[in-house]
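Below is work_22.csv, which holds CSV, C-alpha atoms.
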chain,number,residue,atom,x,y,z
A,6,MET,CA,-12.6,21.3,-99.3
A,7,ARG,CA,-10.5,21.7,-102.4
A,8,ARG,CA,-12.4,24.9,-103.3
A,9,HIS,CA,-11.7,26.4,-99.9
A,10,LEU,CA,-8.0,25.5,-100.2
A,11,VAL,CA,-7.7,27.1,-103.6
A,12,GLY,CA,-9.4,30.3,-102.3
A,13,ALA,CA,-7.0,30.5,-99.3
A,14,LEU,CA,-4.0,30.1,-101.6
A,15,ALA,CA,-5.2,32.8,-103.9
A,16,ALA,CA,-5.7,35.2,-101.0
A,17,MET,CA,-2.2,34.4,-99.8
A,18,ALA,CA,-0.8,35.1,-103.2
A,19,LEU,CA,-2.5,38.4,-103.4
A,20,LEU,CA,-1.2,39.4,-100.0
A,21,LEU,CA,2.4,38.5,-101.0
A,22,GLN,CA,2.0,40.6,-104.2
A,23,THR,CA,0.8,43.7,-102.4
A,24,ALA,CA,2.9,43.6,-99.2
A,25,PRO,CA,6.3,45.4,-99.1
A,26,ALA,CA,9.3,43.0,-99.5
A,27,ASP,CA,10.7,43.6,-96.0
A,28,ALA,CA,7.3,43.1,-94.4
A,29,VAL,CA,7.0,39.7,-96.2
A,30,ALA,CA,10.5,38.7,-95.4
A,31,ALA,CA,10.0,39.4,-91.8
A,32,GLY,CA,6.7,37.6,-91.7
A,33,ALA,CA,4.9,40.7,-90.5
A,34,PRO,CA,1.4,39.8,-89.3
A,35,SER,CA,-1.6,41.3,-91.0
A,36,GLY,CA,-2.3,44.8,-89.6
A,37,ALA,CA,1.3,45.4,-88.5
A,38,PRO,CA,2.9,48.7,-89.5
A,39,ARG,CA,4.5,48.6,-93.0
A,40,TRP,CA,7.1,50.8,-94.7
A,41,GLU,CA,5.3,53.2,-97.0
A,42,THR,CA,7.1,55.3,-99.6
A,43,ARG,CA,6.4,59.0,-98.8
A,44,TRP,CA,8.9,60.6,-101.1
A,45,ASN,CA,10.7,59.5,-104.2
A,46,PRO,CA,11.5,62.7,-106.2
A,47,SER,CA,12.5,62.9,-109.8
A,48,PRO,CA,15.3,65.3,-110.9
A,49,TRP,CA,13.6,65.7,-114.3
A,50,ARG,CA,10.1,66.3,-113.0
A,51,ASP,CA,10.8,68.1,-109.7
A,52,GLY,CA,14.3,69.6,-109.9
A,53,VAL,CA,15.2,71.5,-106.8
A,54,ASN,CA,11.4,71.8,-106.0
A,55,ALA,CA,11.8,68.3,-104.6
A,56,PHE,CA,13.1,70.0,-101.5
A,57,GLU,CA,11.3,72.3,-99.0
A,58,ALA,CA,13.9,75.1,-99.4
A,59,LEU,CA,17.1,75.9,-101.2
A,60,GLU,CA,20.2,77.3,-99.4
A,61,ASP,CA,22.3,78.2,-102.5
A,62,ASP,CA,24.8,80.8,-101.5
A,63,ARG,CA,22.2,82.6,-99.3
A,64,ARG,CA,24.7,85.3,-98.4
A,65,GLY,CA,25.4,86.2,-102.0
A,66,SER,CA,29.1,85.6,-101.7
A,67,HIS,CA,29.6,84.1,-105.1
A,68,PRO,CA,26.9,85.0,-107.7
A,69,GLU,CA,29.2,84.1,-110.6
A,70,GLY,CA,29.0,80.5,-109.4
A,71,LEU,CA,25.2,80.2,-109.4
A,72,PRO,CA,23.6,77.8,-109.3
A,73,HIS,CA,25.6,75.9,-106.6
A,74,VAL,CA,22.7,73.4,-106.3
A,75,ARG,CA,20.9,72.0,-109.3
A,76,ALA,CA,19.4,68.9,-110.8
A,77,GLU,CA,21.8,67.3,-113.2
A,78,LYS,CA,22.1,63.9,-115.1
A,79,GLY,CA,19.5,62.0,-113.2
A,80,GLY,CA,20.4,63.4,-109.7
A,81,TRP,CA,21.3,66.6,-107.8
A,82,ARG,CA,24.7,68.3,-107.7
A,83,PHE,CA,26.1,70.5,-105.0
A,84,ASP,CA,29.1,72.6,-105.8
A,85,ALA,CA,31.5,74.2,-103.3
A,86,HIS,CA,33.9,76.9,-104.4
A,87,LEU,CA,36.7,78.4,-102.3
A,88,GLU,CA,35.1,81.8,-102.3
A,89,ASP,CA,31.7,80.6,-101.1
A,90,ARG,CA,30.7,81.9,-97.7
A,91,ASP,CA,27.9,81.5,-95.2
A,92,GLY,CA,29.5,83.6,-92.5
A,93,SER,CA,33.1,84.5,-91.8
A,94,ASP,CA,34.4,81.0,-91.2
A,95,ARG,CA,32.1,78.6,-93.2
A,96,MET,CA,30.4,77.9,-96.4
A,97,ARG,CA,27.0,76.2,-97.1
A,98,ASN,CA,25.3,75.0,-100.2
A,99,GLU,CA,22.5,72.7,-99.1
A,100,VAL,CA,18.8,71.8,-99.6
A,101,ARG,CA,16.5,71.2,-96.6
A,102,GLY,CA,13.3,69.3,-96.2
A,103,MET,CA,11.2,67.2,-98.5
A,104,ARG,CA,8.3,68.3,-100.6
A,105,ALA,CA,5.5,66.1,-101.7
A,106,VAL,CA,4.3,66.0,-105.3
A,107,ASP,CA,1.4,68.3,-104.3
A,108,GLY,CA,3.9,70.9,-103.0
A,109,THR,CA,3.3,70.4,-99.3
A,110,PRO,CA,6.3,69.8,-97.0
A,111,LEU,CA,6.7,66.3,-95.5
A,112,GLU,CA,6.9,66.7,-91.7
A,113,ILE,CA,8.8,64.1,-89.6
A,114,ARG,CA,6.9,64.3,-86.3
A,115,LYS,CA,7.3,62.9,-82.9
A,116,ASP,CA,7.5,59.1,-82.5
A,117,GLU,CA,7.5,58.5,-86.2
A,118,THR,CA,10.0,56.1,-87.7
A,119,TRP,CA,11.5,56.9,-91.1
A,120,ARG,CA,14.0,55.4,-93.5
A,121,ILE,CA,15.9,57.6,-96.0
A,122,THR,CA,17.9,55.9,-98.7
A,123,TYR,CA,19.9,57.4,-101.5
A,124,GLN,CA,23.1,57.0,-103.6
A,125,MET,CA,25.9,59.5,-103.3
A,126,TYR,CA,29.1,60.2,-105.2
A,127,ILE,CA,32.0,61.7,-103.1
A,128,PRO,CA,34.9,62.8,-105.4
A,129,ASP,CA,38.4,62.7,-104.0
A,130,THR,CA,38.4,66.6,-104.0
A,131,LEU,CA,35.7,66.4,-101.2
A,132,ASP,CA,38.2,65.8,-98.5
A,133,ALA,CA,37.6,65.1,-94.8
A,134,THR,CA,38.7,68.0,-92.7
A,135,THR,CA,40.1,68.7,-89.3
A,136,ASN,CA,37.2,71.2,-88.8
A,137,PHE,CA,33.6,70.3,-89.7
A,138,THR,CA,32.4,69.0,-93.1
A,139,HIS,CA,28.8,67.7,-93.2
A,140,ILE,CA,27.1,66.2,-96.2
A,141,TRP,CA,23.8,65.2,-94.6
A,142,GLN,CA,22.0,66.5,-91.6
A,143,LEU,CA,18.8,66.1,-89.6
A,144,LYS,CA,17.5,69.3,-88.0
A,145,ASN,CA,14.5,71.3,-86.8
A,146,SER,CA,13.9,75.0,-87.3
A,147,ASP,CA,13.8,75.9,-83.6
A,148,VAL,CA,17.2,74.7,-82.6
A,149,GLY,CA,20.5,75.6,-84.3
A,150,THR,CA,22.2,72.4,-83.0
A,151,PRO,CA,21.8,69.6,-85.5
A,152,ILE,CA,20.1,66.4,-84.4
A,153,ALA,CA,22.1,64.0,-86.5
A,154,GLN,CA,24.7,64.2,-89.3
A,155,ILE,CA,26.8,62.3,-91.8
A,156,SER,CA,30.2,64.0,-91.7
A,157,LEU,CA,33.7,63.8,-93.1
A,158,PRO,CA,36.2,64.1,-90.2
A,159,VAL,CA,39.9,63.4,-89.9
A,160,VAL,CA,40.5,60.9,-87.1
A,161,ASN,CA,44.1,60.3,-86.0
A,162,GLY,CA,45.3,61.5,-89.4
A,163,VAL,CA,42.9,59.3,-91.4
A,164,GLN,CA,40.0,60.5,-93.5
A,165,LYS,CA,36.7,59.1,-92.3
A,166,ILE,CA,33.0,59.2,-93.1
A,167,ALA,CA,31.0,59.2,-89.9
A,168,ALA,CA,27.4,59.0,-88.7
A,169,ARG,CA,26.8,61.0,-85.5
A,170,TYR,CA,24.0,62.3,-83.2
A,171,TRP,CA,24.1,65.3,-81.0
A,172,THR,CA,23.0,65.8,-77.3
A,173,LEU,CA,21.3,69.1,-76.8
A,174,GLU,CA,22.1,69.5,-73.1
A,175,ASP,CA,25.8,69.8,-73.7
A,176,ASN,CA,25.8,70.6,-77.4
A,177,LYS,CA,28.1,67.8,-78.2
A,178,SER,CA,28.3,65.3,-81.1
A,179,HIS,CA,28.8,61.6,-80.8
A,180,ASP,CA,30.1,59.4,-83.7
A,181,PHE,CA,28.6,56.0,-83.4
A,182,ALA,CA,29.8,54.5,-86.7
A,183,THR,CA,32.7,55.3,-89.0
A,184,ALA,CA,34.4,54.0,-92.2
A,185,ASP,CA,37.4,55.0,-94.2
A,186,LEU,CA,36.6,57.7,-96.7
A,187,GLU,CA,39.2,57.1,-99.4
A,188,PRO,CA,37.9,53.6,-100.5
A,189,ILE,CA,34.5,55.0,-101.3
A,190,GLN,CA,35.5,58.2,-103.1
A,191,ASN,CA,35.1,58.5,-106.9
A,192,LYS,CA,32.3,55.8,-107.0
A,193,TRP,CA,28.6,55.6,-106.3
A,194,VAL,CA,27.7,54.2,-102.9
A,195,THR,CA,24.4,53.7,-101.2
A,196,THR,CA,23.5,55.0,-97.8
A,197,THR,CA,20.5,54.5,-95.6
A,198,ILE,CA,19.6,56.4,-92.4
A,199,GLU,CA,16.8,54.9,-90.4
A,200,PHE,CA,15.6,56.6,-87.2
A,201,ARG,CA,12.8,56.9,-84.7
A,202,SER,CA,12.1,60.6,-84.1
A,203,GLY,CA,11.3,60.4,-80.4
A,204,ASP,CA,12.6,61.2,-76.9
A,205,ALA,CA,14.0,57.7,-76.7
A,206,GLY,CA,14.6,57.1,-80.4
A,207,TYR,CA,17.2,55.2,-82.3
A,208,LEU,CA,19.5,55.9,-85.3
A,209,ARG,CA,20.8,53.3,-87.7
A,210,TRP,CA,23.3,54.0,-90.5
A,211,VAL,CA,24.0,51.6,-93.4
A,212,LEU,CA,26.7,52.2,-96.0
A,213,ARG,CA,27.0,49.9,-99.0
A,214,ASP,CA,29.8,49.8,-101.6
A,215,GLY,CA,27.8,50.1,-104.8
A,216,PRO,CA,24.3,51.2,-106.1
A,217,LYS,CA,22.4,48.0,-105.3
A,218,ASN,CA,21.1,46.4,-102.2
A,219,GLY,CA,23.1,43.2,-102.9
A,220,SER,CA,26.4,45.1,-102.8
A,221,ARG,CA,28.9,44.8,-100.0
A,222,THR,CA,28.0,46.3,-96.7
A,223,ILE,CA,30.7,48.5,-95.2
A,224,VAL,CA,28.8,49.7,-92.2
A,225,ASP,CA,25.5,48.7,-90.5
A,226,GLN,CA,25.4,50.2,-87.1
A,227,LYS,CA,22.6,51.3,-84.8
A,228,VAL,CA,22.4,53.3,-81.5
A,229,ASP,CA,19.3,53.0,-79.3
A,230,GLY,CA,17.8,55.2,-76.6
A,231,ILE,CA,18.9,58.6,-77.9
A,232,ASP,CA,16.9,61.8,-77.9
A,233,LEU,CA,15.9,62.7,-81.5
A,234,TRP,CA,13.0,65.0,-80.6
A,235,TRP,CA,13.8,68.5,-79.3
A,236,THR,CA,10.7,70.5,-79.7
A,237,GLN,CA,7.0,70.1,-79.4
A,238,GLU,CA,5.9,72.4,-82.2
A,239,GLN,CA,8.4,71.9,-85.1
A,240,TYR,CA,9.2,68.9,-87.2
A,241,ASN,CA,12.4,67.2,-88.1
A,242,ARG,CA,13.7,67.4,-91.7
A,243,PRO,CA,16.8,66.2,-93.5
A,244,LYS,CA,19.3,68.3,-95.3
A,245,TRP,CA,21.7,67.4,-98.2
A,246,GLY,CA,24.7,69.3,-99.5
A,247,ILE,CA,28.1,70.6,-98.5
A,248,TYR,CA,28.4,72.5,-95.2
A,249,ARG,CA,32.0,73.0,-94.1
A,250,SER,CA,34.4,75.1,-92.2
A,251,ILE,CA,36.9,77.1,-94.3
A,252,LYS,CA,39.6,76.8,-91.5
A,253,SER,CA,40.9,73.5,-92.6
A,254,ALA,CA,44.1,73.5,-94.6
A,255,GLY,CA,44.2,72.3,-98.2
A,256,LEU,CA,40.5,72.8,-99.1
A,257,GLN,CA,39.7,72.3,-102.8
A,258,GLU,CA,36.9,73.3,-105.0
A,259,THR,CA,34.6,70.3,-105.0
A,260,TYR,CA,31.1,68.9,-105.4
A,261,LEU,CA,28.7,66.2,-104.1
A,262,LEU,CA,26.3,64.1,-106.2
A,263,VAL,CA,23.1,62.4,-104.9
A,264,LYS,CA,20.5,60.4,-106.7
A,265,ASP,CA,17.7,57.9,-106.2
A,266,LEU,CA,16.4,59.6,-103.1
A,267,LYS,CA,13.6,57.8,-101.3
A,268,ALA,CA,12.0,58.4,-97.9
A,269,GLU,CA,9.8,55.7,-96.3
A,270,GLN,CA,7.7,55.9,-93.1
A,271,LEU,CA,6.8,53.0,-90.9
A,272,GLY,CA,3.0,53.1,-90.4
A,273,PRO,CA,0.8,56.2,-90.8
A,274,ALA,CA,1.7,59.8,-90.2
A,275,THR,CA,0.9,61.2,-86.8
A,276,PRO,CA,-1.4,64.3,-86.7
A,277,PRO,CA,0.3,67.7,-86.5
A,278,VAL,CA,0.1,69.8,-83.4
A,279,LYS,CA,-3.2,71.7,-83.3
A,280,LEU,CA,-2.5,75.4,-83.8
A,281,PRO,CA,-4.5,78.5,-83.3
A,282,PRO,CA,-6.2,80.3,-86.3
A,283,PRO,CA,-4.9,83.6,-87.7
A,284,ASP,CA,-5.9,87.0,-86.5
A,285,ARG,CA,-8.4,88.5,-88.9
A,286,GLY,CA,-8.8,91.7,-87.1
A,287,PRO,CA,-8.6,95.1,-88.8
A,288,GLY,CA,-5.0,96.4,-89.4
A,289,THR,CA,-3.5,92.9,-88.5
A,290,TYR,CA,-0.8,91.3,-90.7
A,291,GLU,CA,0.5,87.9,-89.9
A,292,ALA,CA,4.3,87.7,-90.2
A,293,GLU,CA,4.2,84.4,-92.1
A,294,ARG,CA,1.5,85.2,-94.6
A,295,ALA,CA,1.9,84.5,-98.3
A,296,GLY,CA,3.6,87.4,-100.2
A,297,ASN,CA,5.9,88.4,-97.3
A,298,VAL,CA,9.6,88.2,-97.9
A,299,PHE,CA,12.0,85.9,-95.9
A,300,GLU,CA,15.6,86.4,-96.8
A,301,GLY,CA,18.7,84.4,-95.7
A,302,ALA,CA,18.0,82.1,-92.8
A,303,ALA,CA,14.7,83.8,-91.9
A,304,GLU,CA,11.7,81.5,-92.3
A,305,PRO,CA,8.2,80.7,-90.9
A,306,ALA,CA,8.0,78.0,-88.2
A,307,TYR,CA,5.2,76.5,-86.1
A,308,CYS,CA,4.2,78.3,-82.9
A,309,ALA,CA,1.5,77.0,-80.6
A,310,VAL,CA,1.1,80.4,-78.8
A,311,CYS,CA,1.1,82.6,-82.0
A,312,SER,CA,-2.0,83.7,-83.9
A,313,GLY,CA,-2.1,81.7,-87.1
A,314,GLY,CA,0.1,79.0,-85.5
A,315,ARG,CA,3.3,80.4,-87.0
A,316,LYS,CA,6.1,82.8,-86.4
A,317,VAL,CA,9.1,84.0,-88.4
A,318,ILE,CA,12.4,83.0,-86.9
A,319,LEU,CA,16.1,83.8,-87.4
A,320,ILE,CA,15.7,87.5,-88.1
A,321,GLY,CA,18.8,89.6,-87.7
A,322,GLY,CA,22.3,89.1,-86.6
A,323,ASN,CA,23.7,90.2,-89.9
A,324,VAL,CA,22.7,92.1,-93.1
A,325,TYR,CA,21.3,89.0,-94.7
A,326,ASP,CA,18.6,87.5,-92.5
A,327,TYR,CA,15.5,89.6,-92.5
A,328,ALA,CA,11.8,89.6,-93.1
A,329,VAL,CA,9.5,92.0,-94.9
A,330,VAL,CA,5.8,92.4,-94.2
A,331,ARG,CA,4.2,93.5,-97.5
A,332,GLY,CA,0.9,94.9,-98.3
A,333,VAL,CA,0.4,97.1,-95.2
A,334,LEU,CA,-2.5,99.4,-96.2
A,335,SER,CA,-3.1,103.0,-95.0
A,336,GLU,CA,-6.0,105.2,-96.2
A,337,THR,CA,-4.0,108.4,-95.6
A,338,THR,CA,-0.4,109.6,-95.3
A,339,GLY,CA,0.6,110.1,-91.7
A,340,THR,CA,1.9,108.7,-88.4
A,341,ARG,CA,0.3,105.5,-87.2
A,342,GLN,CA,0.9,103.2,-84.2
A,343,LEU,CA,2.7,99.9,-85.0
A,344,THR,CA,2.3,97.2,-82.4
A,345,VAL,CA,4.7,94.3,-82.8
A,346,HIS,CA,3.8,90.9,-81.4
A,347,ALA,CA,6.8,88.6,-80.9
A,348,LEU,CA,8.4,85.9,-78.8
A,349,VAL,CA,11.4,87.3,-76.9
A,350,ASP,CA,14.0,85.4,-74.9
A,351,GLY,CA,15.0,88.0,-72.3
A,352,SER,CA,15.8,91.4,-73.9
A,353,GLN,CA,16.1,91.6,-77.7
A,354,SER,CA,15.2,94.2,-80.3
A,355,PHE,CA,14.2,94.7,-83.9
A,356,SER,CA,15.3,97.3,-86.3
A,357,VAL,CA,12.3,98.3,-88.4
A,358,SER,CA,12.4,100.2,-91.7
A,359,VAL,CA,9.2,101.5,-93.3
A,360,ASN,CA,9.3,101.8,-97.1
A,361,GLY,CA,13.1,101.8,-97.1
A,362,GLY,CA,13.4,104.6,-94.6
A,363,ASP,CA,15.6,105.1,-91.6
A,364,ALA,CA,15.6,102.3,-89.1
A,365,ILE,CA,13.5,102.5,-85.9
A,366,GLN,CA,14.6,100.5,-82.9
A,367,VAL,CA,11.9,98.3,-81.2
A,368,PRO,CA,13.3,97.0,-77.9
A,369,MET,CA,11.4,94.1,-76.4
A,370,THR,CA,11.7,92.2,-73.1
A,371,GLY,CA,9.8,89.0,-72.4
A,372,ALA,CA,9.8,85.3,-71.5
A,373,LYS,CA,10.4,82.5,-73.9
A,374,ASP,CA,7.2,80.9,-75.3
A,375,THR,CA,5.1,83.9,-74.4
A,376,VAL,CA,3.9,86.5,-76.9
A,377,THR,CA,5.2,90.0,-76.0
A,378,THR,CA,4.1,93.3,-77.5
A,379,ALA,CA,5.8,96.7,-78.1
A,380,THR,CA,4.3,99.8,-79.8
A,381,VAL,CA,6.2,102.5,-81.8
A,382,PRO,CA,5.0,105.3,-84.1
A,383,VAL,CA,5.7,104.8,-87.8
A,384,ASP,CA,5.1,107.0,-90.8
A,385,LEU,CA,3.0,105.4,-93.6
A,386,VAL,CA,2.0,106.6,-97.0
A,387,ALA,CA,-1.5,106.5,-98.4
A,388,GLY,CA,-1.8,103.1,-100.2
A,389,VAL,CA,0.5,100.2,-99.8
A,390,ASN,CA,3.5,100.1,-97.5
A,391,THR,CA,6.3,97.6,-96.7
A,392,ILE,CA,7.8,97.1,-93.3
A,393,ARG,CA,11.2,95.4,-93.0
A,394,PHE,CA,12.4,93.7,-89.8
A,395,PHE,CA,16.1,93.2,-89.4
A,396,GLY,CA,19.1,93.5,-87.0
A,397,LEU,CA,22.7,94.0,-88.0
A,398,THR,CA,24.4,92.8,-84.8
A,399,ALA,CA,22.2,90.3,-83.0
A,400,ARG,CA,19.3,88.0,-83.5
A,401,GLY,CA,16.0,89.7,-83.0
A,402,PRO,CA,12.7,88.3,-81.5
A,403,GLU,CA,10.6,85.8,-83.3
A,404,LEU,CA,7.9,87.7,-85.1
A,405,ASP,CA,4.3,86.7,-84.7
A,406,LYS,CA,2.3,89.5,-86.3
A,407,ILE,CA,2.0,93.3,-86.5
A,408,VAL,CA,-1.1,95.5,-85.9
A,409,ILE,CA,-1.5,99.0,-87.3
A,410,ARG,CA,-3.8,101.5,-85.6
As structure tokens:
Amino acid sequence: MRRHLVGALAAMALLLQTAPADAVAAGAPSGAPRWETRWNPSPWRDGVNAFEALEDDRRGSHPEGLPHVRAEKGGWRFDAHLEDRDGSDRMRNEVRGMRAVDGTPLEIRKDETWRITYQMYIPDTLDATTNFTHIWQLKNSDVGTPIAQISLPVVNGVQKIAARYWTLEDNKSHDFATADLEPIQNKWVTTTIEFRSGDAGYLRWVLRDGPKNGSRTIVDQKVDGIDLWWTQEQYNRPKWGIYRSIKSAGLQETYLLVKDLKAEQLGPATPPVKLPPPDRGPGTYEAERAGNVFEGAAEPAYCAVCSGGRKVILIGGNVYDYAVVRGVLSETTGTRQLTVHALVDGSQSFSVSVNGGDAIQVPMTGAKDTVTTATVPVDLVAGVNTIRFFGLTARGPELDKIVIR
């Protein structure tokens, strides 16, 4: 009997040693989902490669200020200068997404529950504004509207820090928790964003005055039954940095510091959406393939109806956002037929330049979520060619692939 009791106590001790602290504290039964650390980057080891992508003055408005985003002193620093621009009325120096140690992006998928914790230092030069100032966001690549944010608004003349979520149907934000900003400036504070990424999800924001869990809790607020999943193909991803309007009066040059980043997931990851294989046919070039160029906001994104399961989005609308398909081969110099495969919402068009030549217009008309094609003649040289897709005045279609005949 004594031998069985000793064995049982030893097994219980082992369980307590290996179980996460919050699972033990809550008395979680064996087999219940546990919080698992998925991301805990090091500024020394990973630098800005800890993130999926860098948005450091992507319009090239202030090259003298580079880098605006960098690893520094055990964390990451985001600088905002008065001349920085990401359009006519705003500036943006951010990072987006999380990248695992093996280099693969971490994808927050439907019905997954995540908890993101980090420390941040907001100096008194990073003021709340009457127009928007965001220092953390949750977004997906298919929808321009953010899903959730931590923002610095002015409310009734008082500077605040606020957690908010957005509703897609009316494109409106909803602050569900706020605190005064000035008492937490010029010091390290800890923030936690916990959320369920689903159609009926929840969002919880915890703000603590100090770097440790035992410090004073300023805010601990949760909102339930909100839609935090807006697309079937893409995944949600966090963003850190400074994204603000330049229309508010009294803006100062400023910065934001973050450190001790950690992302945990409750239970195992859900499998990604099953996507079709790439087109290996002769003369076919996938838009998202390695070696192609994606400038500005243009980037590959999942696409359930596209060959290869990906498309390139956010092409055109200005001189900065474009994609270049490289390595297009031709055995001879001459005119060939270029067929563009893309997703079109109504009527849109690409401007296409071959090897830096004059632009050719490729108008396309189609229905959303359906691949549409258009064919135009192009002049290629013998050997290797590059084809640039852009648009100076409006967003173009979402590029799936091209075929040369």
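Relative to atom CA of A:Gly361, atom CA of A:Asp284 is found at 26.3 Å.
If you look at atom CA of A:Ala292 and atom CA of A:Glu403, they are 9.5 Å away from each other.
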>> Env of stretch 186-201 of chain A: 8 Å cut, atoms = all atoms listed in the file, seq-sep filter 4 positions within chain, self excluded. Answer as a PyMOL selection string.
In response: chain A and resi 116-129+133+157+164-166+206-217+233
>> Just want the 8 Å neighbourhood of stretch 346-357 of chain A, counted on only C-alpha atoms, with same-chain residues fewer than 5 positions away dropped. Output as a PyMOL selection string.
In response: chain A and resi 321+364-379+392-396+400-407
Keeping only C-alpha atoms, write those residues as a PDB file, in the frame of the given file.
ATOM      1  CA  GLY A 321      18.800  89.600 -87.700  1.00  0.00           C
ATOM      2  CA  ALA A 364      15.600 102.300 -89.100  1.00  0.00           C
ATOM      3  CA  ILE A 365      13.500 102.500 -85.900  1.00  0.00           C
ATOM      4  CA  GLN A 366      14.600 100.500 -82.900  1.00  0.00           C
ATOM      5  CA  VAL A 367      11.900  98.300 -81.200  1.00  0.00           C
ATOM      6  CA  PRO A 368      13.300  97.000 -77.900  1.00  0.00           C
ATOM      7  CA  MET A 369      11.400  94.100 -76.400  1.00  0.00           C
ATOM      8  CA  THR A 370      11.700  92.200 -73.100  1.00  0.00           C
ATOM      9  CA  GLY A 371       9.800  89.000 -72.400  1.00  0.00           C
ATOM     10  CA  ALA A 372       9.800  85.300 -71.500  1.00  0.00           C
ATOM     11  CA  LYS A 373      10.400  82.500 -73.900  1.00  0.00           C
ATOM     12  CA  ASP A 374       7.200  80.900 -75.300  1.00  0.00           C
ATOM     13  CA  THR A 375       5.100  83.900 -74.400  1.00  0.00           C
ATOM     14  CA  VAL A 376       3.900  86.500 -76.900  1.00  0.00           C
ATOM     15  CA  THR A 377       5.200  90.000 -76.000  1.00  0.00           C
ATOM     16  CA  THR A 378       4.100  93.300 -77.500  1.00  0.00           C
ATOM     17  CA  ALA A 379       5.800  96.700 -78.100  1.00  0.00           C
ATOM     18  CA  ILE A 392       7.800  97.100 -93.300  1.00  0.00           C
ATOM     19  CA  ARG A 393      11.200  95.400 -93.000  1.00  0.00           C
ATOM     20  CA  PHE A 394      12.400  93.700 -89.800  1.00  0.00           C
ATOM     21  CA  PHE A 395      16.100  93.200 -89.400  1.00  0.00           C
ATOM     22  CA  GLY A 396      19.100  93.500 -87.000  1.00  0.00           C
ATOM     23  CA  ARG A 400      19.300  88.000 -83.500  1.00  0.00           C
ATOM     24  CA  GLY A 401      16.000  89.700 -83.000  1.00  0.00           C
ATOM     25  CA  PRO A 402      12.700  88.300 -81.500  1.00  0.00           C
ATOM     26  CA  GLU A 403      10.600  85.800 -83.300  1.00  0.00           C
ATOM     27  CA  LEU A 404       7.900  87.700 -85.100  1.00  0.00           C
ATOM     28  CA  ASP A 405       4.300  86.700 -84.700  1.00  0.00           C
ATOM     29  CA  LYS A 406       2.300  89.500 -86.300  1.00  0.00           C
ATOM     30  CA  ILE A 407       2.000  93.300 -86.500  1.00  0.00           C
TER      31      ILE A 407
END
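Nearest residue to A:Asp229 among A:Val263, A:Phe181, A:Asp107, A:Pro72 is A:Phe181, counting all atoms listed in the file.
Those residues that approach A:Glu238 to within 7 Å, counting all atoms listed in the file, are Val278, Tyr307, Cys308 and Ala309 of chain A; same-chain residues fewer than 3 positions away are not listed.
Proximity ranking of A:Ala268, A:Val310, A:Val386, A:Val408 relative to A:Thr42 places A:Ala268 first, based on all atoms listed in the file.
The list of residues within 12 Å of (25.9, 81.4, -107.7), counted using only C-alpha atoms, is A:Glu60, A:Asp61, A:Asp62, A:Arg63, A:Arg64, A:Gly65, A:Ser66, A:His67, A:Pro68, A:Glu69, A:Gly70, A:Leu71, A:Pro72, A:His73, A:Val74, A:Arg75, A:Phe83, A:Asp84, A:Ala85, A:His86, A:Glu88, A:Asp89, A:Arg90, A:Arg97, A:Asn98.
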